[in-house]
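**Q** Quick one, coords_18.cif (mmCIF, C-alpha atoms):
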data_work
#
loop_
_atom_site.label_atom_id
_atom_site.label_comp_id
_atom_site.auth_asym_id
_atom_site.auth_seq_id
_atom_site.Cartn_x
_atom_site.Cartn_y
_atom_site.Cartn_z
CA MET A 1 8.80 -25.39 -18.79
CA ILE A 2 7.64 -21.77 -19.12
CA ARG A 3 10.22 -19.13 -19.99
CA LEU A 4 9.36 -15.64 -18.70
CA ILE A 5 11.00 -12.25 -19.19
CA LEU A 6 10.45 -9.90 -16.25
CA LEU A 7 11.32 -6.41 -17.45
CA THR A 8 11.08 -4.19 -14.40
CA ASP A 9 13.02 -2.15 -11.85
CA PHE A 10 14.71 -4.59 -9.48
CA THR A 11 16.06 -1.81 -7.28
CA GLU A 12 12.69 -1.78 -5.47
CA ALA A 13 11.01 -4.48 -3.39
CA PHE A 14 7.89 -4.54 -5.60
CA ALA A 15 9.72 -6.47 -8.33
CA HIS A 16 11.24 -8.95 -5.87
CA ASN A 17 7.87 -9.64 -4.23
CA LEU A 18 6.22 -10.04 -7.64
CA LEU A 19 8.90 -12.55 -8.60
CA ARG A 20 8.50 -14.36 -5.28
CA GLY A 21 4.83 -14.94 -6.07
CA ILE A 22 5.68 -16.19 -9.57
CA LEU A 23 8.21 -18.66 -8.15
CA GLU A 24 5.71 -19.89 -5.54
CA TYR A 25 3.31 -20.71 -8.36
CA SER A 26 5.98 -22.49 -10.41
CA LYS A 27 7.02 -24.66 -7.42
CA GLU A 28 3.58 -26.24 -7.44
CA ARG A 29 4.01 -27.33 -11.07
CA GLU A 30 7.37 -27.25 -12.80
CA PRO A 31 10.23 -24.76 -12.47
CA TRP A 32 9.99 -21.66 -14.63
CA VAL A 33 13.00 -20.00 -16.22
CA VAL A 34 12.99 -16.25 -15.56
CA CYS A 35 15.10 -13.64 -17.33
CA ARG A 36 15.36 -10.48 -15.23
CA MET A 37 15.71 -7.74 -17.82
CA PRO A 38 16.51 -4.20 -16.60
CA PRO A 39 14.48 -1.23 -17.95
CA SER A 40 17.71 0.15 -19.43
CA TYR A 41 17.67 -2.63 -22.03
CA LYS A 42 14.34 -1.42 -23.39
CA GLN A 43 15.53 2.18 -23.29
CA ALA A 44 18.61 1.25 -25.34
CA HIS A 45 17.03 -1.16 -27.83
CA GLY A 46 13.31 -0.31 -27.84
CA ILE A 47 10.47 -2.80 -28.08
CA PRO A 48 11.87 -4.31 -31.33
CA GLY A 49 15.12 -5.05 -29.49
CA VAL A 50 13.29 -6.62 -26.56
CA LEU A 51 11.22 -8.72 -28.97
CA LYS A 52 14.35 -9.83 -30.84
CA TRP A 53 15.90 -11.04 -27.60
CA ALA A 54 12.63 -12.68 -26.51
CA LYS A 55 12.42 -14.67 -29.74
CA LYS A 56 16.08 -15.68 -29.58
CA TRP A 57 15.66 -16.76 -25.94
CA GLN A 58 12.40 -18.56 -26.85
CA ALA A 59 10.31 -16.68 -24.30
CA ASP A 60 6.74 -17.77 -23.68
CA ALA A 61 5.71 -14.60 -21.88
CA ILE A 62 6.86 -11.16 -20.74
CA ILE A 63 5.82 -8.97 -17.81
CA ALA A 64 7.08 -5.44 -18.32
CA GLN A 65 6.86 -1.79 -17.37
CA PHE A 66 5.62 -0.73 -20.79
CA ASP A 67 5.38 2.90 -21.88
CA ASP A 68 2.15 4.19 -23.42
CA SER A 69 3.84 4.44 -26.83
CA ASP A 70 5.20 0.85 -26.82
CA ASP A 71 3.76 -1.38 -29.53
CA VAL A 72 2.83 -4.25 -27.24
CA GLU A 73 0.88 -5.98 -30.03
CA LEU A 74 4.22 -7.10 -31.48
CA PHE A 75 4.49 -9.74 -28.77
CA ARG A 76 1.07 -11.23 -29.46
CA GLU A 77 1.81 -11.28 -33.19
CA ASN A 78 4.92 -13.34 -32.40
CA GLY A 79 3.17 -15.78 -30.07
CA ILE A 80 4.44 -14.26 -26.80
CA ILE A 81 2.06 -13.52 -23.90
CA ALA A 82 2.49 -9.94 -22.64
CA LEU A 83 1.33 -8.47 -19.31
CA ALA A 84 1.79 -4.81 -18.39
CA GLN A 85 2.97 -3.92 -14.90
CA ASP A 86 1.35 -0.53 -14.29
CA PHE A 87 3.93 2.12 -15.18
CA LYS A 88 2.15 5.25 -16.36
CA SER A 89 -1.28 4.06 -17.48
CA ARG A 90 -3.28 0.90 -18.02
CA PHE A 91 -3.45 -0.91 -21.35
CA SER A 92 -6.71 -2.02 -22.96
CA THR A 93 -5.25 -4.63 -25.34
CA ILE A 94 -3.24 -6.75 -22.87
CA PRO A 95 -3.77 -7.70 -19.21
CA ASN A 96 -2.46 -5.30 -16.56
CA ILE A 97 -0.92 -6.03 -13.19
CA THR A 98 -2.66 -3.20 -11.41
CA SER A 99 -4.04 -2.37 -7.96
CA GLU A 100 -6.92 -0.84 -6.02
CA TYR A 101 -5.21 2.55 -5.93
CA LYS A 102 -8.23 4.58 -4.81
CA LEU A 103 -8.86 2.15 -1.95
CA THR A 104 -5.23 2.55 -0.87
CA GLY A 105 -5.74 6.31 -0.70
CA ARG A 106 -8.92 5.91 1.32
CA MET A 107 -7.19 3.57 3.76
CA ALA A 108 -4.45 6.15 4.27
CA ALA A 109 -7.02 8.88 4.87
CA ASP A 110 -8.89 6.82 7.47
CA PHE A 111 -5.59 5.98 9.17
CA PHE A 112 -4.74 9.67 9.56
CA LEU A 113 -8.27 10.70 10.48
CA GLN A 114 -8.24 8.20 13.35
CA LYS A 115 -5.12 9.92 14.62
CA GLY A 116 -6.94 13.24 14.81
CA PHE A 117 -5.32 15.08 11.90
CA ARG A 118 -7.18 17.95 10.27
CA ASN A 119 -4.58 19.06 7.66
CA PHE A 120 -3.62 16.71 4.81
CA ALA A 121 -1.25 16.60 1.83
CA PHE A 122 -0.34 14.23 -1.00
CA TYR A 123 3.00 14.03 -2.81
CA GLY A 124 3.38 12.02 -6.02
CA TYR A 125 4.33 11.70 -9.67
CA GLU A 126 2.73 13.59 -12.54
CA ASN A 127 0.65 11.82 -15.22
CA VAL A 128 0.96 8.40 -13.58
CA VAL A 129 -2.21 6.38 -13.02
CA TRP A 130 -1.24 4.79 -9.70
CA SER A 131 -0.12 8.10 -8.20
CA GLU A 132 -3.13 10.04 -9.45
CA GLU A 133 -5.67 7.44 -8.29
CA ARG A 134 -4.07 7.09 -4.85
CA CYS A 135 -4.30 10.87 -4.56
CA LEU A 136 -7.94 10.80 -5.71
CA GLY A 137 -8.93 8.17 -3.15
CA PHE A 138 -7.08 10.05 -0.39
CA ARG A 139 -8.58 13.43 -1.32
CA ASP A 140 -12.12 12.09 -1.77
CA ARG A 141 -12.12 10.49 1.66
CA ILE A 142 -10.75 13.64 3.29
CA THR A 143 -13.44 15.69 1.52
CA GLU A 144 -16.18 13.26 2.62
CA LYS A 145 -15.11 13.89 6.21
CA GLY A 146 -15.37 17.67 5.77
CA PHE A 147 -11.70 18.61 5.45
CA GLY A 148 -11.46 19.20 1.70
CA ASP A 149 -10.38 22.81 2.23
CA ASN A 150 -7.42 21.55 4.28
CA PHE A 151 -6.02 19.35 1.50
CA PHE A 152 -2.82 20.13 -0.45
CA GLU A 153 -1.13 18.21 -3.25
CA TYR A 154 2.12 18.26 -5.21
CA GLN A 155 2.38 15.98 -8.25
CA LYS A 156 5.16 17.48 -10.34
CA GLN A 157 7.79 14.74 -10.15
CA PRO A 158 8.34 13.01 -13.55
CA LEU A 159 8.38 9.22 -13.30
CA GLU A 160 11.40 8.92 -15.59
CA ASN A 161 13.66 10.37 -12.89
CA LEU A 162 12.88 8.07 -9.99
CA TRP A 163 15.85 9.13 -7.87
CA TYR A 164 16.19 12.79 -8.92
CA TYR A 165 14.01 15.70 -7.87
CA GLU A 166 14.12 19.49 -7.80
CA SER A 167 14.67 20.18 -4.12
CA GLU A 168 13.92 23.93 -4.10
CA PRO A 169 10.31 23.80 -5.44
CA LEU A 170 9.58 20.83 -3.20
CA ALA A 171 11.09 22.56 -0.19
CA SER A 172 9.04 25.70 -0.88
CA TRP A 173 5.85 23.62 -1.03
CA ILE A 174 6.66 21.80 2.21
CA LYS A 175 7.42 25.09 3.99
CA SER A 176 4.02 26.44 2.90
CA LEU A 177 2.07 23.61 4.54
CA PRO A 178 0.26 24.04 7.88
CA HIS A 179 1.24 22.01 10.94
CA PRO A 180 0.47 19.46 12.24
CA LEU A 181 0.02 17.75 8.88
CA ALA A 182 -0.65 14.21 7.65
CA LEU A 183 1.15 13.57 4.34
CA MET A 184 0.63 10.57 2.08
CA ALA A 185 3.35 9.88 -0.48
CA CYS A 186 2.44 7.87 -3.59
CA ASP A 187 5.10 5.28 -2.71
CA ASP A 188 7.91 4.67 -0.23
CA THR A 189 10.57 6.26 -2.46
CA GLN A 190 8.68 9.53 -2.49
CA GLY A 191 8.00 9.28 1.22
CA ASN A 192 11.72 8.93 1.81
CA LYS A 193 12.36 12.07 -0.27
CA ILE A 194 9.84 14.07 1.75
CA MET A 195 11.56 13.05 4.97
CA GLU A 196 14.97 13.95 3.57
CA VAL A 197 13.80 17.46 2.66
CA CYS A 198 12.06 17.88 6.03
CA ARG A 199 15.29 16.96 7.80
CA VAL A 200 17.17 19.63 5.82
CA LEU A 201 14.47 22.19 6.65
CA GLY A 202 14.46 21.29 10.33
CA ILE A 203 10.84 20.12 10.22
CA LYS A 204 10.14 17.48 12.87
CA ILE A 205 8.70 14.12 11.86
CA PRO A 206 6.12 13.10 13.02
CA GLU A 207 5.50 16.04 15.38
CA GLU A 208 5.01 18.60 12.57
CA ILE A 209 4.52 16.35 9.52
CA ALA A 210 3.54 12.68 9.75
CA VAL A 211 4.56 10.77 6.59
CA LEU A 212 3.05 7.59 5.13
CA GLY A 213 4.30 5.72 2.04
CA VAL A 214 3.00 2.78 -0.01
CA ASP A 215 4.49 -0.67 -0.84
CA ASN A 216 6.06 -1.39 2.58
CA ASP A 217 9.53 -1.68 1.04
CA GLU A 218 11.40 -2.56 4.23
CA ILE A 219 14.79 -1.35 2.93
CA ILE A 220 13.48 2.09 1.95
CA CYS A 221 11.35 2.34 5.09
CA SER A 222 14.39 1.51 7.25
CA LEU A 223 16.61 3.99 5.36
CA SER A 224 14.23 6.77 6.37
CA ASP A 225 14.87 8.61 9.62
CA PRO A 226 12.65 8.00 11.51
CA PRO A 227 11.50 4.70 9.91
CA LEU A 228 8.73 5.23 7.39
CA SER A 229 5.20 3.92 7.89
CA SER A 230 3.67 2.35 4.79
CA VAL A 231 0.59 0.74 3.25
CA ASN A 232 1.29 -2.96 2.77
CA LEU A 233 0.19 -4.60 -0.51
CA ASN A 234 -0.22 -8.30 -1.30
CA ILE A 235 2.30 -8.07 -4.14
CA ALA A 236 3.49 -11.69 -3.91
CA LYS A 237 -0.13 -12.81 -4.24
CA GLY A 238 -0.34 -10.67 -7.38
CA GLY A 239 2.75 -12.40 -8.78
CA TYR A 240 1.16 -15.77 -8.08
CA GLU A 241 -2.03 -14.77 -9.90
CA ALA A 242 -0.04 -13.29 -12.80
CA ALA A 243 1.77 -16.62 -13.25
CA GLU A 244 -1.55 -18.44 -13.09
CA LEU A 245 -2.97 -16.15 -15.80
CA ILE A 246 0.09 -16.64 -18.03
CA GLU A 247 -0.31 -20.40 -17.87
CA ARG A 248 -4.02 -20.13 -18.76
CA LEU A 249 -3.23 -17.83 -21.69
CA ILE A 250 -0.58 -20.23 -22.97
CA ARG A 251 -3.07 -23.11 -22.85
CA ASP A 252 -5.91 -21.08 -24.39
CA LYS A 253 -5.12 -18.02 -26.50
CA GLU A 254 -8.81 -17.04 -26.42
CA VAL A 255 -8.97 -16.49 -22.65
CA SER A 256 -10.45 -13.06 -21.88
CA CYS A 257 -8.09 -10.15 -21.21
CA GLU A 258 -8.45 -9.90 -17.41
CA ASP A 259 -6.32 -7.80 -15.10
CA VAL A 260 -4.41 -9.03 -12.07
CA VAL A 261 -5.42 -6.79 -9.16
CA ILE A 262 -3.09 -6.32 -6.18
CA HIS A 263 -4.92 -5.43 -2.96
CA PRO A 264 -3.84 -3.20 -0.07
CA THR A 265 -4.00 -5.27 3.11
CA SER A 266 -2.91 -3.13 6.08
CA ILE A 267 -0.92 -0.14 7.25
CA VAL A 268 2.40 -0.81 8.97
CA ASN A 269 2.72 1.93 11.57
CA ARG A 270 6.33 2.98 12.20
CA LEU A 271 7.80 6.07 13.83
CA SER A 272 7.05 8.45 10.94
CA THR A 273 3.34 8.39 11.91
CA ASP A 274 3.63 7.42 15.58
CA ILE A 275 1.74 10.42 16.91
CA TYR A 276 -1.79 11.55 17.70
CA SER A 277 -2.68 14.98 16.39
CA THR A 278 -4.74 16.61 19.07
CA GLY A 279 -4.32 19.58 21.35
CA ASP A 280 -6.50 17.90 23.96
CA PRO A 281 -4.07 16.44 26.55
CA TYR A 282 -6.70 14.07 27.99
CA ILE A 283 -7.54 12.54 24.62
CA LEU A 284 -3.82 12.17 23.95
CA ILE A 285 -3.46 10.23 27.22
CA ALA A 286 -6.45 8.05 26.30
CA LEU A 287 -5.12 7.28 22.81
CA LYS A 288 -1.65 6.38 24.08
CA TYR A 289 -3.12 4.11 26.73
CA ILE A 290 -5.26 2.30 24.15
CA HIS A 291 -2.37 1.68 21.77
CA GLN A 292 -0.02 0.53 24.54
CA ASN A 293 -2.56 -1.90 26.05
CA LEU A 294 -4.34 -3.21 22.97
CA ALA A 295 -3.86 -6.89 23.87
CA ALA A 296 -5.31 -6.41 27.37
CA LYS A 297 -9.00 -6.72 28.24
CA LEU A 298 -9.61 -3.01 27.76
CA THR A 299 -12.95 -1.50 28.70
CA VAL A 300 -14.20 2.05 28.35
CA GLU A 301 -14.03 2.34 32.14
CA ASP A 302 -10.30 1.51 32.01
CA ILE A 303 -9.81 4.50 29.72
CA VAL A 304 -11.96 6.79 31.88
CA ARG A 305 -9.77 6.01 34.88
CA GLN A 306 -6.74 7.47 33.09
CA VAL A 307 -8.11 11.02 32.90
CA PRO A 308 -9.95 13.47 35.22
CA LEU A 309 -13.11 13.49 33.08
CA SER A 310 -16.51 11.88 33.41
CA ARG A 311 -17.29 9.05 31.02
CA ARG A 312 -19.82 11.18 29.13
CA LEU A 313 -17.44 14.12 28.73
CA LEU A 314 -14.56 11.87 27.68
CA GLU A 315 -16.76 10.15 25.08
CA ILE A 316 -17.82 13.53 23.66
CA HIS A 317 -14.23 14.80 23.38
CA PHE A 318 -12.96 11.46 22.06
CA LYS A 319 -15.51 11.39 19.24
CA GLN A 320 -14.70 15.00 18.32
CA VAL A 321 -11.04 14.06 17.88
CA THR A 322 -11.24 10.57 16.36
CA GLY A 323 -14.70 10.50 14.76
CA SER A 324 -15.71 7.36 16.66
CA SER A 325 -16.64 6.20 20.15
CA ILE A 326 -13.97 4.80 22.48
CA TYR A 327 -15.35 1.26 22.13
CA GLN A 328 -15.48 1.45 18.31
CA TYR A 329 -11.97 2.93 18.14
CA ILE A 330 -10.55 0.04 20.18
CA PHE A 331 -12.47 -2.52 18.11
CA ASN A 332 -11.36 -1.00 14.79
CA LEU A 333 -7.74 -0.89 15.92
CA ARG A 334 -7.84 -4.52 17.03
CA MET A 335 -9.42 -5.69 13.78
CA GLU A 336 -6.84 -3.87 11.66
CA ARG A 337 -3.99 -5.36 13.70
CA PHE A 338 -5.65 -8.78 13.53
CA SER A 339 -6.02 -8.61 9.73
CA GLN A 340 -2.36 -7.58 9.41
CA LEU A 341 -1.11 -10.47 11.57
CA LEU A 342 -3.22 -12.98 9.62
CA LEU A 343 -0.96 -12.38 6.63
CA GLU A 344 2.37 -12.19 8.44
CA GLY A 345 2.56 -15.67 9.99
CA ASN A 346 1.05 -19.13 10.20
CA GLU A 347 -0.16 -19.03 13.80
CA PRO A 348 -3.67 -20.38 14.48
CA ILE A 349 -6.36 -17.76 13.97
CA ALA A 350 -7.57 -18.09 17.55
CA ASP A 351 -4.07 -17.39 18.91
CA ILE A 352 -3.72 -14.28 16.73
CA ALA A 353 -7.10 -13.02 17.89
CA MET A 354 -6.10 -13.41 21.55
CA SER A 355 -2.81 -11.57 20.95
CA VAL A 356 -4.69 -8.39 19.96
CA GLY A 357 -7.39 -8.62 22.61
CA LEU A 358 -10.15 -10.21 20.50
CA SER A 359 -11.18 -12.78 23.09
CA ASP A 360 -14.74 -13.38 21.86
CA TYR A 361 -13.66 -15.99 19.33
CA LYS A 362 -17.18 -17.37 18.81
CA ASN A 363 -18.35 -14.07 17.30
CA LEU A 364 -15.05 -13.19 15.59
CA SER A 365 -15.89 -14.69 12.20
CA ARG A 366 -19.21 -12.82 12.05
CA GLN A 367 -17.59 -9.55 13.13
CA PHE A 368 -14.74 -9.97 10.67
CA LYS A 369 -17.17 -10.60 7.81
CA LEU A 370 -18.85 -7.29 8.59
CA TRP A 371 -15.39 -5.66 8.59
CA LYS A 372 -13.74 -7.30 5.56
CA GLU A 373 -16.68 -9.08 3.85
CA CYS A 374 -15.11 -12.52 4.38
CA SER A 375 -14.09 -14.81 7.24
CA PRO A 376 -10.56 -14.64 8.75
CA ALA A 377 -9.64 -17.93 7.05
CA GLU A 378 -10.95 -16.69 3.70
CA TYR A 379 -9.11 -13.39 4.13
CA ARG A 380 -5.84 -15.22 4.75
CA LYS A 381 -6.43 -17.43 1.69
CA ILE A 382 -7.39 -14.53 -0.58
CA HIS A 383 -4.57 -12.15 0.30
CA ARG A 384 -1.62 -14.43 0.88
CA VAL A 385 0.45 -16.53 -1.51
CA LYS A 386 -0.66 -20.15 -1.30
#
Rewrite the structure of this file - the entire thing - as structure tokens.
**A**
Amino acid sequence: MIRLILLTDFTEAFAHNLLRGILEYSKEREPWVVCRMPPSYKQAHGIPGVLKWAKKWQADAIIAQFDDSDDVELFRENGIIALAQDFKSRFSTIPNITSEYKLTGRMAADFFLQKGFRNFAFYGYENVVWSEERCLGFRDRITEKGFGDNFFEYQKQPLENLWYYESEPLASWIKSLPHPLALMACDDTQGNKIMEVCRVLGIKIPEEIAVLGVDNDEIICSLSDPPLSSVNLNIAKGGYEAAELIERLIRDKEVSCEDVVIHPTSIVNRLSTDIYSTGDPYILIALKYIHQNLAAKLTVEDIVRQVPLSRRLLEIHFKQVTGSSIYQYIFNLRMERFSQLLLEGNEPIADIAMSVGLSDYKNLSRQFKLWKECSPAEYRKIHRVK
């Protein structure tokens, strides 16, 4: 029986999903015993105090939000496996539970670009690897698309004060931003703060500022008004793989120091981003029609019939706004929705494909491999807890 200390912030869904993955792994073998230790214990007693408790409790392993200055080698010296949940930076001496942060930022950028936005902003923490790299991926993608001069960022929030922030400097920054604007927050907590300040300032969401968070913490997203859109991560899968790594390290102390990488899977679109940023009324009609009829057998001609434009003129305007043809936009939207639904339920793949309008099931696997570099079945297996 493995005894694990999980030293993390259980006020957020990330910790609960990580633990869910760990428990799923343990169910397939033998039950693990987990001590949920709050960060305040480390703050009060330091690493020596945590180690003292770990030894007394006979812990086999610890997953923790370690600070850069923490002497994590003390655990190894005392026969305890230690994994670092990314807090401020990555460690080089122990495995990290980390993520594809730059990819998350790029996904957010593509999401907003498809909605026609031309002004972008990022709000995050200072000197924190996961905030900085999400910002970098977001900014790089925006720059690649030619809108680097329309990018704004604010990363002055210290991580130590998760709930507290200086409202006046943040409000001044928000008031200085052009509208309409697409804003990515480094996580859902920060996205919620942005929306709170916007409400005080009388800034309309999403009409003036569309806000996107990360983690898909359903409680925080629902607390936001309107509900916050968010990048979903396969956190439970990461917990499963972290448990798997711990067991390997217990069996073989010489196993290489490999990181557990949590992947972004999809963007959950809620009301905080439910808008299309374009001054072209005909393209707005076309976009709304596409999103409302995604499961139907949509053709380009169906879209043309909604507006008083020729097909050629509509295609030209549509590409100017979205960066893609009408056909490609519909296909991309369907594939993203399809990939999201693959992870949310156990329905047969063919049924899910039909529900989003992907009726050509014979070619679906080939198309999906071009999109995600694996088949739908492989994607479901890779990104979901077993």
**Q** Nearest to Pro48 in chain A: which of A:Ile250, A:Ala377, A:Val72, A:Val34 is it, counting all atoms listed in the file?
**A**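 Result for the nearest residue to Pro48 in chain A: A:Val72.
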**Q** Please work out which residues fall within 6 Å of (-6.1, 7.3, -0.4), coordinates as given in the file, with only C-alpha atoms counting, and return them as a list in words.
**A**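 Those residues, ordered by chain and then number, are Lys102, Thr104, Gly105, Arg106, Met107, Ala108, Ala109, Arg134, Cys135, Gly137 and Phe138 of chain A.
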**Q** Please write as a ChimeraX atom specification the full residue list that the PyMOL selection byres ((chain A and resi 349) around 12) yields on this file.
**A** /A:338-348,350-356,358-359,361-362,364-365,368,375-380
**Q** Between A:Arg384, A:His291, A:Lys56, A:Lys369, single out the one closest to Ile303 in chain A, counting only C-alpha atoms.
**A**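 Nearest candidate to Ile303 in chain A out of A:Arg384, A:His291, A:Lys56, A:Lys369: A:His291.
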**Q** Taking the file as shown, what set of residues would the PyMOL selection byres ((chain A and resi 42) around 12) give back, as a tab-separated table (two decimals) with C-alpha atoms, in the frame of the given file?
**A**
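Produced file result-v7.tsv, reproduced below:
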chain	number	residue	atom	x	y	z
A	6	LEU	CA	10.45	-9.90	-16.25
A	7	LEU	CA	11.32	-6.41	-17.45
A	8	THR	CA	11.08	-4.19	-14.40
A	9	ASP	CA	13.02	-2.15	-11.85
A	37	MET	CA	15.71	-7.74	-17.82
A	38	PRO	CA	16.51	-4.20	-16.60
A	39	PRO	CA	14.48	-1.23	-17.95
A	40	SER	CA	17.71	0.15	-19.43
A	41	TYR	CA	17.67	-2.63	-22.03
A	43	GLN	CA	15.53	2.18	-23.29
A	44	ALA	CA	18.61	1.25	-25.34
A	45	HIS	CA	17.03	-1.16	-27.83
A	46	GLY	CA	13.31	-0.31	-27.84
A	47	ILE	CA	10.47	-2.80	-28.08
A	48	PRO	CA	11.87	-4.31	-31.33
A	49	GLY	CA	15.12	-5.05	-29.49
A	50	VAL	CA	13.29	-6.62	-26.56
A	51	LEU	CA	11.22	-8.72	-28.97
A	52	LYS	CA	14.35	-9.83	-30.84
A	53	TRP	CA	15.90	-11.04	-27.60
A	54	ALA	CA	12.63	-12.68	-26.51
A	64	ALA	CA	7.08	-5.44	-18.32
A	65	GLN	CA	6.86	-1.79	-17.37
A	66	PHE	CA	5.62	-0.73	-20.79
A	67	ASP	CA	5.38	2.90	-21.88
A	70	ASP	CA	5.20	0.85	-26.82
**Q** Counting only C-alpha atoms, which residue out of A:Cys221, A:Ala210, A:Ile246, A:Ile94 sits closest to Leu4 in chain A?
**A** A:Ile246
**Q** Which residues fall under the PyMOL selection byres ((chain A and resi 316-325) around 7) in this file, as an mmCIF file with C-alpha atoms, keeping the file's coordinate frame?
**A**
data_model
loop_
_atom_site.group_PDB
_atom_site.id
_atom_site.type_symbol
_atom_site.label_atom_id
_atom_site.label_comp_id
_atom_site.auth_asym_id
_atom_site.auth_seq_id
_atom_site.Cartn_x
_atom_site.Cartn_y
_atom_site.Cartn_z
ATOM 1 C CA LEU A 113 -8.270 10.700 10.480
ATOM 2 C CA GLN A 114 -8.240 8.200 13.350
ATOM 3 C CA LYS A 115 -5.120 9.920 14.620
ATOM 4 C CA GLY A 116 -6.940 13.240 14.810
ATOM 5 C CA THR A 278 -4.740 16.610 19.070
ATOM 6 C CA ILE A 283 -7.540 12.540 24.620
ATOM 7 C CA ARG A 312 -19.820 11.180 29.130
ATOM 8 C CA LEU A 313 -17.440 14.120 28.730
ATOM 9 C CA LEU A 314 -14.560 11.870 27.680
ATOM 10 C CA GLU A 315 -16.760 10.150 25.080
ATOM 11 C CA ILE A 326 -13.970 4.800 22.480
ATOM 12 C CA TYR A 327 -15.350 1.260 22.130
ATOM 13 C CA GLN A 328 -15.480 1.450 18.310
ATOM 14 C CA TYR A 329 -11.970 2.930 18.140
#
**Q** Have a look at CA of Thr189 in chain A and CA of Met335 in chain A and let me know their distance in Å, one decimal.
**A**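 For CA of Thr189 in chain A relative to CA of Met335 in chain A, the distance reads 28.4 Å.
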**Q** Just give me the gap between CA of Asn293 in chain A and CA of Arg311 in chain A in Å, one decimal is fine.
**A** 19.0 Å
**Q** Please determine, counting only C-alpha atoms, which residue among A:Leu309, A:Leu271, A:Leu19, A:Leu298 has the shortest atom-to-atom distance to Arg334 in chain A.
**A**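 Smallest separation from Arg334 in chain A among the options: A:Leu298.
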**Q** Skipping near chain neighbours, those fewer than 4 positions away, what residues fall within 12 Å of Ser222 in chain A using all atoms listed in the file, listed as an MDAnalysis selection string?
**A** chainID A and resid 188:189 191:192 216:218 226:230 270:272
**Q** Kindly indicate which residue among A:Arg118, A:Pro308, A:Val200, A:Gly213 lies nearest to Tyr276 in chain A, using all atoms listed in the file for the distances.
**A**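 The answer is A:Arg118, which sits nearest to Tyr276 in chain A.
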**Q** Residues at most 10 Å from range 143-154 of chain A, counting all atoms listed in the file, excluding those fewer than 6 positions away in the same chain, as a PDB file with C-alpha atoms, in the frame of the given file?
**A**
ATOM      1  CA  ALA A 109      -7.020   8.880   4.870  1.00  0.00           C
ATOM      2  CA  ASP A 110      -8.890   6.820   7.470  1.00  0.00           C
ATOM      3  CA  LEU A 113      -8.270  10.700  10.480  1.00  0.00           C
ATOM      4  CA  PHE A 117      -5.320  15.080  11.900  1.00  0.00           C
ATOM      5  CA  ARG A 118      -7.180  17.950  10.270  1.00  0.00           C
ATOM      6  CA  ASN A 119      -4.580  19.060   7.660  1.00  0.00           C
ATOM      7  CA  PHE A 120      -3.620  16.710   4.810  1.00  0.00           C
ATOM      8  CA  ALA A 121      -1.250  16.600   1.830  1.00  0.00           C
ATOM      9  CA  PHE A 122      -0.340  14.230  -1.000  1.00  0.00           C
ATOM     10  CA  TYR A 123       3.000  14.030  -2.810  1.00  0.00           C
ATOM     11  CA  GLY A 124       3.380  12.020  -6.020  1.00  0.00           C
ATOM     12  CA  TYR A 125       4.330  11.700  -9.670  1.00  0.00           C
ATOM     13  CA  GLU A 126       2.730  13.590 -12.540  1.00  0.00           C
ATOM     14  CA  CYS A 135      -4.300  10.870  -4.560  1.00  0.00           C
ATOM     15  CA  GLY A 137      -8.930   8.170  -3.150  1.00  0.00           C
ATOM     16  CA  PRO A 169      10.310  23.800  -5.440  1.00  0.00           C
ATOM     17  CA  LEU A 170       9.580  20.830  -3.200  1.00  0.00           C
ATOM     18  CA  TRP A 173       5.850  23.620  -1.030  1.00  0.00           C
ATOM     19  CA  ILE A 174       6.660  21.800   2.210  1.00  0.00           C
ATOM     20  CA  SER A 176       4.020  26.440   2.900  1.00  0.00           C
ATOM     21  CA  LEU A 177       2.070  23.610   4.540  1.00  0.00           C
ATOM     22  CA  PRO A 178       0.260  24.040   7.880  1.00  0.00           C
ATOM     23  CA  LEU A 181       0.020  17.750   8.880  1.00  0.00           C
ATOM     24  CA  ALA A 182      -0.650  14.210   7.650  1.00  0.00           C
ATOM     25  CA  LEU A 183       1.150  13.570   4.340  1.00  0.00           C
ATOM     26  CA  MET A 184       0.630  10.570   2.080  1.00  0.00           C
ATOM     27  CA  ALA A 185       3.350   9.880  -0.480  1.00  0.00           C
ATOM     28  CA  GLY A 323     -14.700  10.500  14.760  1.00  0.00           C
TER      29      GLY A 323
END
**Q** Out of A:Ala243, A:Val128, A:Ile275, A:Ala296, which residue has the shortest atom-to-atom distance to Gly21 in chain A when counting all atoms listed in the file?
**A**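 Counting all atoms listed in the file, the residue closest to Gly21 in chain A is A:Ala243.
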**Q** Between CA of Ala13 in chain A and CA of Ser131 in chain A, what is the spacing in Å?
**A**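 Computing it gives 17.5 Å between the two atoms.
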**Q** Residues within 7 Å of Tyr240 in chain A, please, as a PyMOL selection string. Count all atoms listed in the file; anything in the same chain fewer than 4 positions from it doesn't count.
**A** chain A and resi 21-22+24-25+236+244+385
**Q** Within 7 Å of Pro180 in chain A, counting all atoms listed in the file, which residues show up once you throw out same-chain ones fewer than 5 positions away? Write them as a PyMOL selection string, please.
**A** chain A and resi 119+207-209+277
